[in-house]
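Enquirer: Just data_31.txt, nothing more (compact mmCIF, C-alpha atoms):
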```txt
# COMPACT_ATOMS: atom_id res chain seq x y z
CA MET A 1 -51.49 49.82 74.58
CA THR A 2 -49.08 47.50 76.39
CA LYS A 3 -45.85 46.89 74.52
CA ILE A 4 -46.22 43.68 72.50
CA GLU A 5 -43.39 42.08 70.56
CA LEU A 6 -44.74 41.83 67.04
CA GLN A 7 -43.22 40.14 64.03
CA PRO A 8 -43.28 41.73 60.57
CA LEU A 9 -46.06 40.41 58.37
CA PHE A 10 -44.70 41.32 54.95
CA GLY A 11 -45.81 38.66 52.47
CA LYS A 12 -48.56 37.46 54.83
CA ILE A 13 -52.26 37.59 54.05
CA CYS A 14 -54.65 38.30 56.92
CA LEU A 15 -58.45 38.28 57.11
CA VAL A 16 -60.26 39.97 60.01
CA THR A 17 -64.03 39.63 60.28
CA GLY A 18 -66.14 42.36 61.81
CA ALA A 19 -63.34 44.82 61.13
CA THR A 20 -65.17 48.06 60.39
CA ALA A 21 -65.39 49.12 64.05
CA GLY A 22 -64.19 48.40 67.57
CA ILE A 23 -61.53 45.82 68.36
CA GLY A 24 -61.83 44.30 64.89
CA LYS A 25 -60.85 47.57 63.24
CA ILE A 26 -58.02 48.16 65.70
CA THR A 27 -56.71 44.62 65.19
CA ALA A 28 -56.90 44.97 61.41
CA THR A 29 -55.05 48.29 61.52
CA ALA A 30 -52.26 46.75 63.61
CA LEU A 31 -51.84 43.89 61.12
CA ALA A 32 -51.67 46.33 58.23
CA ALA A 33 -49.10 48.38 60.13
CA GLN A 34 -46.91 45.27 60.32
CA GLY A 35 -46.98 44.99 56.53
CA ALA A 36 -49.65 42.34 56.00
CA GLU A 37 -51.81 42.17 52.92
CA LEU A 38 -55.08 42.78 54.74
CA VAL A 39 -58.65 41.84 53.92
CA ILE A 40 -61.34 43.19 56.20
CA HIS A 41 -64.88 41.89 56.38
CA GLY A 42 -67.94 44.02 56.99
CA ARG A 43 -71.66 44.12 56.25
CA ASN A 44 -72.00 47.65 54.89
CA GLN A 45 -70.15 48.64 51.71
CA GLU A 46 -69.86 52.33 52.52
CA LYS A 47 -68.54 51.63 56.00
CA ALA A 48 -66.09 49.04 54.63
CA GLU A 49 -64.77 51.46 52.02
CA ILE A 50 -64.28 54.19 54.64
CA THR A 51 -62.47 51.75 56.93
CA VAL A 52 -60.15 50.56 54.16
CA ASN A 53 -59.23 54.16 53.32
CA GLN A 54 -58.65 54.99 56.98
CA ILE A 55 -56.36 51.99 57.48
CA LYS A 56 -54.39 52.83 54.34
CA ALA A 57 -53.97 56.43 55.48
CA GLU A 58 -52.96 55.50 59.01
CA THR A 59 -50.51 52.72 58.12
CA GLY A 60 -49.25 53.67 54.67
CA ASN A 61 -50.11 50.14 53.56
CA GLU A 62 -51.95 50.15 50.24
CA SER A 63 -52.58 46.36 50.28
CA VAL A 64 -55.90 46.64 52.11
CA SER A 65 -59.23 45.50 50.68
CA TYR A 66 -62.64 44.40 51.88
CA LEU A 67 -65.23 41.68 51.38
CA LEU A 68 -68.89 41.91 52.34
CA ALA A 69 -71.17 39.41 54.05
CA ASP A 70 -74.04 39.46 56.50
CA PHE A 71 -73.31 36.68 58.99
CA SER A 72 -77.02 36.11 59.55
CA ASN A 73 -77.09 34.61 56.05
CA LEU A 74 -74.91 31.54 55.57
CA ASP A 75 -75.10 31.81 51.79
CA GLN A 76 -73.33 35.15 52.10
CA VAL A 77 -70.69 33.50 54.30
CA ARG A 78 -70.13 30.91 51.58
CA ASN A 79 -69.83 33.69 49.00
CA LEU A 80 -67.31 35.47 51.22
CA ALA A 81 -65.13 32.37 51.38
CA ALA A 82 -65.42 31.80 47.63
CA GLU A 83 -64.56 35.43 46.83
CA PHE A 84 -61.52 35.28 49.11
CA GLN A 85 -60.28 32.08 47.47
CA ASP A 86 -60.81 33.56 44.02
CA LYS A 87 -58.37 36.30 44.93
CA PHE A 88 -55.88 34.54 47.20
CA ASP A 89 -54.14 31.17 47.29
CA HIS A 90 -52.90 31.69 50.85
CA LEU A 91 -54.22 32.81 54.23
CA HIS A 92 -51.81 33.19 57.12
CA VAL A 93 -54.01 34.75 59.80
CA LEU A 94 -57.79 34.46 60.23
CA VAL A 95 -59.29 36.49 63.06
CA ASN A 96 -62.89 35.48 63.74
CA ASN A 97 -63.95 38.70 65.42
CA ALA A 98 -67.43 39.40 64.02
CA GLY A 99 -70.28 38.88 66.44
CA GLY A 100 -73.39 40.36 67.92
CA PHE A 101 -75.61 40.67 70.95
CA PHE A 102 -79.38 40.63 70.59
CA ASN A 103 -81.54 41.70 73.50
CA LYS A 104 -84.63 40.19 71.90
CA ARG A 105 -84.97 36.67 70.53
CA ILE A 106 -84.75 36.54 66.73
CA PRO A 107 -85.61 33.14 65.22
CA THR A 108 -83.82 32.05 62.05
CA SER A 109 -84.42 29.55 59.27
CA TYR A 110 -81.40 27.52 60.47
CA GLY A 111 -83.10 26.16 63.60
CA VAL A 112 -81.16 28.38 66.01
CA GLU A 113 -81.68 31.94 67.23
CA MET A 114 -79.72 34.85 65.79
CA THR A 115 -76.99 35.07 68.44
CA PHE A 116 -75.91 31.47 67.92
CA LEU A 117 -76.07 31.86 64.14
CA VAL A 118 -73.95 35.01 63.92
CA ASN A 119 -71.51 34.26 66.74
CA HIS A 120 -70.93 30.54 66.16
CA LEU A 121 -72.38 28.99 63.01
CA ALA A 122 -71.13 31.72 60.66
CA PRO A 123 -67.48 31.63 61.84
CA PHE A 124 -67.65 27.83 62.07
CA LEU A 125 -68.66 27.71 58.41
CA LEU A 126 -66.22 30.36 57.24
CA THR A 127 -63.28 28.74 59.02
CA ASN A 128 -64.03 25.31 57.61
CA LEU A 129 -64.42 26.67 54.09
CA LEU A 130 -61.03 28.39 54.38
CA LEU A 131 -59.18 25.50 56.05
CA ASN A 132 -57.50 24.24 52.89
CA THR A 133 -56.24 27.75 52.16
CA LEU A 134 -54.90 28.03 55.71
CA LYS A 135 -53.26 24.60 55.43
CA ASN A 136 -51.64 25.79 52.20
CA SER A 137 -49.98 28.64 54.14
CA PRO A 138 -48.07 27.16 57.10
CA PRO A 139 -47.42 28.41 59.65
CA SER A 140 -50.86 29.98 59.85
CA ARG A 141 -53.08 31.03 62.73
CA ILE A 142 -56.79 31.11 63.55
CA ILE A 143 -57.92 33.36 66.39
CA ASN A 144 -61.46 33.03 67.75
CA ILE A 145 -62.82 35.89 69.86
CA SER A 146 -64.75 34.41 72.76
CA SER A 147 -65.51 35.89 76.19
CA GLU A 148 -65.46 35.15 79.90
CA ALA A 149 -69.24 35.29 79.49
CA HIS A 150 -68.91 31.68 78.30
CA ARG A 151 -68.97 30.64 81.98
CA GLN A 152 -72.57 31.79 82.35
CA ASP A 153 -74.29 29.03 80.36
CA GLN A 154 -74.16 25.41 79.21
CA MET A 155 -74.81 23.86 75.81
CA ASN A 156 -78.51 22.98 75.65
CA PHE A 157 -78.88 21.00 72.45
CA GLY A 158 -82.59 20.58 73.10
CA ASP A 159 -83.25 24.31 72.90
CA LEU A 160 -80.63 26.08 70.77
CA GLY A 161 -83.38 28.40 69.60
CA PHE A 162 -84.17 29.53 73.17
CA GLU A 163 -87.83 28.79 72.52
CA LYS A 164 -88.40 27.99 76.20
CA GLY A 165 -87.38 31.44 77.36
CA TYR A 166 -84.90 33.95 75.96
CA PHE A 167 -82.33 35.96 77.82
CA GLY A 168 -79.89 37.98 75.74
CA ILE A 169 -76.99 37.49 78.13
CA LYS A 170 -77.60 33.72 78.27
CA ALA A 171 -77.75 33.44 74.48
CA TYR A 172 -74.54 35.43 74.17
CA ALA A 173 -72.84 33.27 76.82
CA ARG A 174 -73.85 30.07 75.03
CA SER A 175 -72.48 31.34 71.72
CA LYS A 176 -69.17 32.27 73.38
CA LEU A 177 -69.02 28.81 74.98
CA ALA A 178 -69.54 27.38 71.50
CA ASN A 179 -66.56 29.44 70.26
CA ILE A 180 -64.26 27.76 72.78
CA LEU A 181 -65.64 24.26 72.22
CA PHE A 182 -65.13 24.81 68.49
CA THR A 183 -61.58 26.02 69.08
CA TYR A 184 -60.58 22.95 71.07
CA GLU A 185 -62.22 20.49 68.68
CA LEU A 186 -60.76 22.22 65.63
CA ALA A 187 -57.31 22.12 67.22
CA SER A 188 -57.49 18.32 67.35
CA HIS A 189 -58.22 18.30 63.60
CA LEU A 190 -55.25 20.54 62.85
CA GLU A 191 -52.45 18.64 64.55
CA GLY A 192 -49.49 18.33 62.20
CA THR A 193 -50.90 20.73 59.58
CA GLY A 194 -48.94 23.84 60.52
CA VAL A 195 -52.19 25.62 61.40
CA THR A 196 -52.92 26.64 64.99
CA VAL A 197 -56.16 27.83 66.57
CA ASN A 198 -56.65 29.63 69.86
CA ALA A 199 -59.47 31.51 71.56
CA LEU A 200 -59.38 34.61 73.72
CA HIS A 201 -61.29 36.87 76.05
CA PRO A 202 -60.74 40.50 74.99
CA GLY A 203 -61.90 41.94 78.31
CA HIS A 204 -65.04 43.82 79.21
CA ILE A 205 -65.36 46.61 76.66
CA ALA A 206 -67.91 49.42 76.41
CA THR A 207 -68.95 48.84 72.81
CA ASP A 208 -72.02 49.96 70.87
CA ILE A 209 -73.70 46.70 71.94
CA TRP A 210 -74.87 48.56 75.02
CA LYS A 211 -76.12 51.55 73.05
CA THR A 212 -77.99 49.68 70.33
CA ASN A 213 -79.64 46.84 72.26
CA PHE A 214 -81.15 48.50 75.31
CA GLY A 215 -83.53 51.06 73.87
CA VAL A 216 -83.68 54.57 75.28
CA ILE A 217 -81.40 53.71 78.20
CA GLY A 218 -78.72 52.33 75.86
CA PRO A 219 -76.56 55.48 75.47
CA ALA A 220 -76.57 56.08 79.24
CA LEU A 221 -75.78 52.42 79.89
CA LYS A 222 -72.82 52.59 77.52
CA ARG A 223 -71.47 55.64 79.35
CA ILE A 224 -71.82 53.86 82.69
CA MET A 225 -70.14 50.72 81.37
CA GLY A 226 -67.34 52.89 80.03
CA LEU A 227 -66.41 53.83 83.58
CA PHE A 228 -65.57 50.21 84.39
CA SER A 229 -64.54 48.80 81.02
CA LEU A 230 -61.46 48.55 78.86
CA THR A 231 -61.04 50.77 75.84
CA PRO A 232 -61.32 49.08 72.42
CA GLU A 233 -57.56 49.61 72.04
CA GLU A 234 -56.93 47.68 75.25
CA GLY A 235 -59.42 45.01 74.20
CA ALA A 236 -57.64 44.49 70.88
CA GLU A 237 -54.28 43.74 72.51
CA ASN A 238 -54.99 40.03 72.91
CA SER A 239 -56.08 39.63 69.28
CA ILE A 240 -53.01 41.46 68.00
CA PHE A 241 -50.75 39.43 70.28
CA LEU A 242 -52.14 36.07 69.10
CA ALA A 243 -52.07 37.14 65.45
CA THR A 244 -48.54 38.50 65.38
CA SER A 245 -46.37 37.60 68.35
CA PRO A 246 -43.53 35.11 67.85
CA GLU A 247 -44.16 34.01 71.45
CA VAL A 248 -47.22 32.00 70.37
CA GLU A 249 -45.73 30.41 67.25
CA GLY A 250 -46.88 26.78 67.31
CA ILE A 251 -49.13 27.27 70.36
CA ASN A 252 -52.42 25.46 69.79
CA SER A 253 -55.74 24.86 71.55
CA LYS A 254 -55.41 27.50 74.27
CA TYR A 255 -57.70 30.12 75.78
CA PHE A 256 -55.98 33.46 76.42
CA ILE A 257 -56.69 36.33 78.78
CA LYS A 258 -54.36 39.34 78.85
CA ASN A 259 -51.90 37.59 76.52
CA GLU A 260 -51.57 34.61 78.86
CA PRO A 261 -53.06 31.10 78.65
CA ALA A 262 -55.98 30.73 81.07
CA GLN A 263 -58.28 27.93 82.17
CA SER A 264 -61.66 28.06 80.47
CA SER A 265 -64.79 26.66 82.11
CA PRO A 266 -65.24 22.92 82.76
CA ALA A 267 -68.14 22.92 80.28
CA SER A 268 -65.83 24.21 77.54
CA CYS A 269 -63.42 21.31 78.10
CA ASP A 270 -65.96 18.51 77.61
CA GLU A 271 -64.67 16.63 74.54
CA GLU A 272 -67.91 14.74 74.00
CA ILE A 273 -69.91 17.98 73.99
CA ALA A 274 -67.36 19.54 71.62
CA ARG A 275 -67.71 16.67 69.13
CA ARG A 276 -71.51 16.80 69.40
CA LEU A 277 -71.48 20.54 68.78
CA TRP A 278 -69.15 20.08 65.79
CA ASN A 279 -71.41 17.49 64.19
CA LEU A 280 -74.55 19.51 64.81
CA SER A 281 -72.90 22.65 63.44
CA ALA A 282 -71.74 20.69 60.39
CA GLU A 283 -75.29 19.46 59.83
CA LEU A 284 -76.75 22.96 60.16
CA THR A 285 -74.19 24.41 57.75
CA SER A 286 -74.26 21.49 55.28
CA LEU A 287 -70.67 20.45 55.94
CA PRO A 288 -69.38 16.87 56.42
CA LYS A 289 -69.53 15.55 59.96
CA ASN A 290 -66.61 14.02 61.86
```
How does the structure come out when it is put into structure tokens?
Expert:
Amino acid sequence: MTKIELQPLFGKICLVTGATAGIGKITATALAAQGAELVIHGRNQEKAEITVNQIKAETGNESVSYLLADFSNLDQVRNLAAEFQDKFDHLHVLVNNAGGFFNKRIPTSYGVEMTFLVNHLAPFLLTNLLLNTLKNSPPSRIINISSEAHRQDQMNFGDLGFEKGYFGIKAYARSKLANILFTYELASHLEGTGVTVNALHPGHIATDIWKTNFGVIGPALKRIMGLFSLTPEEGAENSIFLATSPEVEGINSKYFIKNEPAQSSPASCDEEIARRLWNLSAELTSLPKN
């Protein structure tokens, strides 16, 4: 891992979603190593318990716990936020890392397909539910994991369910575009609050997405991708940097690649589209609109 200047996180409370594997787990471990009181999110209780014990053993930090929620169910997301707020009055770092890739279209009861639900609506809802806690903890940071894949699609409000033809890569790209639009719009809401929000591209990483979504060729495809991809440790660098580095204190509404601000796509910078997405997302998650 490249040398990153990190600041101690003693007395800070951090929540990392999707933290039982991959870059989420590596990011969470780094935050615990800096002394944070860490809460990881996962879907599976056994896996979450194992991860908590591994992080404690590796870092020597005993202030590590977990909360469970399936991001395909927004009621569970609401329960996650409520459980966190029952236990904690403050939140200094929120890393919205959880996400998924689905090679086949999966309709949902929320009017969108599964990729958009898990990758955008769930973190949109969770972040908004935790905003008051974040505002009660300045300076605090929100980090949204997006992807350079966001350049491969546009927001199509007339077919968020991909009913007119589904392509897994397109659905993933649209959800990652939504992550950046959400970041920029949220940043405008947070001015003067002491809370910052930024998005990032972690790099192209050979994760289990390749193994679990492409049938019998999945394992071979993951091995091939591994020849050209970053390791999870390398992919986590950007998340750790944005969560801990004093260099980004007060930096807001940016898109980062390799620890540096980068220009996201023109579609991601459309303020009208961002506001429309916010209001639609609020409607779908039963939150107040702008």
Enquirer: If we count all atoms listed in the file, what is near Gly203 in chain A at a cut-off of 10 Å, once residues fewer than 6 positions away on the same chain are taken out, given as number ranges by chain?
Expert: A: 146-149, 229-232, 234-238, 257-258
Enquirer: Find the distance between CA of Ser268 in chain A and CA of Lys164 in chain A and write it in Å to one decimal.
Expert: 22.9 Å
Enquirer: Compare A:Asn44, A:Asn79, A:Asn97, A:Ser137 by their minimum atom-to-atom distance to Gly11 in chain A, counting all atoms listed in the file, and give me the closest one.
Expert: A:Ser137
Enquirer: Can you tell me how far CA of Ile50 in chain A sits from CA of Gln76 in chain A, in Å to one decimal?
Expert: 21.2 Å
Enquirer: Between A:Tyr172, A:Phe167, A:Phe162, A:Phe10, which has the minimum distance to His92 in chain A (counting all atoms listed in the file)?
Expert: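 Once distances to His92 in chain A are computed over all atoms listed in the file, the minimum belongs to A:Phe10.
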Enquirer: Residues within 9 Å of range 69-75 of chain A, please, as a PyMOL selection string. Count only C-alpha atoms; anything in the same chain fewer than 3 positions from it doesn't count.
Expert: chain A and resi 41-44+78-80+98-99+108+114-115+117-119+121-123+125-126+285
Enquirer: Neighbouring residues of Asp89 in chain A were defined as those with any atom within 10 Å, considering only C-alpha atoms; residues of the same chain fewer than 5 positions away were excluded. Please report them as a ChimeraX atom specification.
Expert: /A:13,84,132-134,136-137
Enquirer: Next, the residues of the selection above should be written as a CSV table (one decimal), in the frame of the given file with C-alpha atoms.
Expert:
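Result written to selection_21.csv:
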```csv
chain,number,residue,atom,x,y,z
A,13,ILE,CA,-52.3,37.6,54.0
A,84,PHE,CA,-61.5,35.3,49.1
A,132,ASN,CA,-57.5,24.2,52.9
A,133,THR,CA,-56.2,27.8,52.2
A,134,LEU,CA,-54.9,28.0,55.7
A,136,ASN,CA,-51.6,25.8,52.2
A,137,SER,CA,-50.0,28.6,54.1
```
Enquirer: Rounded to one decimal, what separation in Å do you get between CA of Val77 in chain A and CA of Asn128 in chain A?
Expert: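 These atoms are spaced 11.1 Å apart.
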Enquirer: Measuring atom to atom with all atoms listed in the file, identify which of A:Leu130, A:Ile142, A:Met155, A:Leu186 is nearest to Ala267 in chain A.
Expert: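 Of A:Leu130, A:Ile142, A:Met155, A:Leu186, the one nearest Ala267 in chain A is A:Met155, counting all atoms listed in the file.
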Enquirer: Would you mind listing what lies within 10 Å of Ile55 in chain A as a PyMOL selection string, with only C-alpha atoms counted and same-chain residues fewer than 2 positions away left out?
Expert: chain A and resi 25-26+28-33+38+50-53+57-65
Enquirer: Which residue gives the smallest distance to Ile251 in chain A among A:Lys289, A:Arg141, A:Arg151, A:Arg105, with only C-alpha atoms counted?
Expert: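 Checking each candidate against Ile251 in chain A, we get A:Arg141 as the closest.
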Enquirer: Nearest to Val93 in chain A among A:Pro288, A:Gly35, A:Gly192, A:Pro139, with distances taken over all atoms listed in the file: which residue is it?
Expert: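 Looking only at the distances to Val93 in chain A, the closest residue turns out to be A:Pro139.
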Enquirer: Please list as a list in words every residue within 8 Å of range 274-281 of chain A, counting all atoms listed in the file and excluding residues in the same chain fewer than 5 positions away.
Expert: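 The filter keeps Leu121, Phe124, Ala178, Leu181, Phe182, Tyr184, Glu185, Ser268, Cys269, Lys289 and Asn290 of chain A.
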Enquirer: Pick the closest to Ala48 in chain A from A:Leu67, A:Ala262, A:Ile273, A:Leu129: which is it, counting all atoms listed in the file?
Expert: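 Nearest to Ala48 in chain A: A:Leu67.
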Enquirer: Using only C-alpha atoms, give me every residue within 10 Å of (-49.7, 19.9, 73.2) in file coordinates, as a PyMOL selection string.
Expert: chain A and resi 187-188+191+250-254
Enquirer: Export, as a short mmCIF file (atom, residue, chain, number, x, y, z; two decimals), in the coordinates of the input, the selected residues with C-alpha atoms.
Expert:
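Saved to part.cif:
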```
data_model
loop_
_atom_site.label_atom_id
_atom_site.label_comp_id
_atom_site.auth_asym_id
_atom_site.auth_seq_id
_atom_site.Cartn_x
_atom_site.Cartn_y
_atom_site.Cartn_z
CA ALA A 187 -57.31 22.12 67.22
CA SER A 188 -57.49 18.32 67.35
CA GLU A 191 -52.45 18.64 64.55
CA GLY A 250 -46.88 26.78 67.31
CA ILE A 251 -49.13 27.27 70.36
CA ASN A 252 -52.42 25.46 69.79
CA SER A 253 -55.74 24.86 71.55
CA LYS A 254 -55.41 27.50 74.27
#
```
